[in-house]
Amino acid sequence: MRWAWWLLAYASLGLGIVGIVVPGLPTVPFVLLSAYAAARGSQRLHARLLAHRRFGPMIRDWQAHGAVSRRAKRLAVSMMAACAAIMFLTSPKWWMAATGTAIMTVVAIWLWRRPEPPAG
């Protein structure tokens, strides 16, 4: 079963990396999933993710407190808003854009209900 966790860890990390440059594909959830799976399948990858300059603090905050920083929340919601606008401008049917926007709205509400990391 360890190989399945290893595969999930690397696959989700790959999707997270792709999400850095592809609009609409999230990075953070895939990196968090990668850290979760790596903790069960690849201690080396898990240690590298925790030591990463950009992702390490975010992963540690999530693991310790289920917390997301206010900056990350604002960035995520602004990217979702931009994607919603693009969908309404380019979608062949209005309901397609409305469905995607509704899903992003639910995610945004869930995200803002997450605690923020403790100061310090």
# chains A, B, ... in the order shown; residues from 1 in each chain; ligands from 1
>>> residues_around(residues="A:Ala119", least_positions_apart="3", cutoff="12 Å", atoms="only C-alpha atoms", output="VMD selection string")
chain A and resid 61 67 69 to 70 115 to 116
>>> residues_around(residues="A:Arg71", least_positions_apart="4", cutoff="12 Å", atoms="only C-alpha atoms", output="count of residues only")
10
>>> select_by_dssp(residues="chain A", states="alpha helix (DSSP H)", output="PyMOL selection string")
chain A and resi 2-21+28-41+43-51+55-65+70-90+94-113
>>> closest_atom_pairs(of="stretch 87-117 of chain A", to="stretch 10-34 of chain A", cutoff="12 Å", atoms="only C-alpha atoms", output="JSON lines")
{"residue": "A:Met87", "atom": "CA", "partner": "A:Gly24", "partner_atom": "CA", "distance": 10.0}
{"residue": "A:Gly100", "atom": "CA", "partner": "A:Gly24", "partner_atom": "CA", "distance": 10.4}
{"residue": "A:Thr101", "atom": "CA", "partner": "A:Gly24", "partner_atom": "CA", "distance": 11.4}
{"residue": "A:Met104", "atom": "CA", "partner": "A:Gly24", "partner_atom": "CA", "distance": 10.2}
{"residue": "A:Val107", "atom": "CA", "partner": "A:Pro29", "partner_atom": "CA", "distance": 11.3}
{"residue": "A:Leu111", "atom": "CA", "partner": "A:Pro29", "partner_atom": "CA", "distance": 11.1}
>>> closest_residue(among="A:Trp5, A:Trp94, A:Tyr36, A:Phe55", to="A:Ala72", atoms="only C-alpha atoms")
A:Phe55
>>> closest_residue(among="A:Ala47, A:Met80, A:Ala85, A:Met1", to="A:Ile103", atoms="only C-alpha atoms")
A:Met80
>>> closest_residue(among="A:Ala108, A:Arg2, A:Val68, A:Gln63", to="A:Ala81", atoms="only C-alpha atoms")
A:Ala108
>>> closest_residue(among="A:Met79, A:Ala4, A:Val106, A:Ala9", to="A:Gln43", atoms="only C-alpha atoms")
A:Ala9
>>> closest_residue(among="A:His65, A:Arg54, A:Arg114, A:His46", to="A:Trp6", atoms="only C-alpha atoms")
A:His46
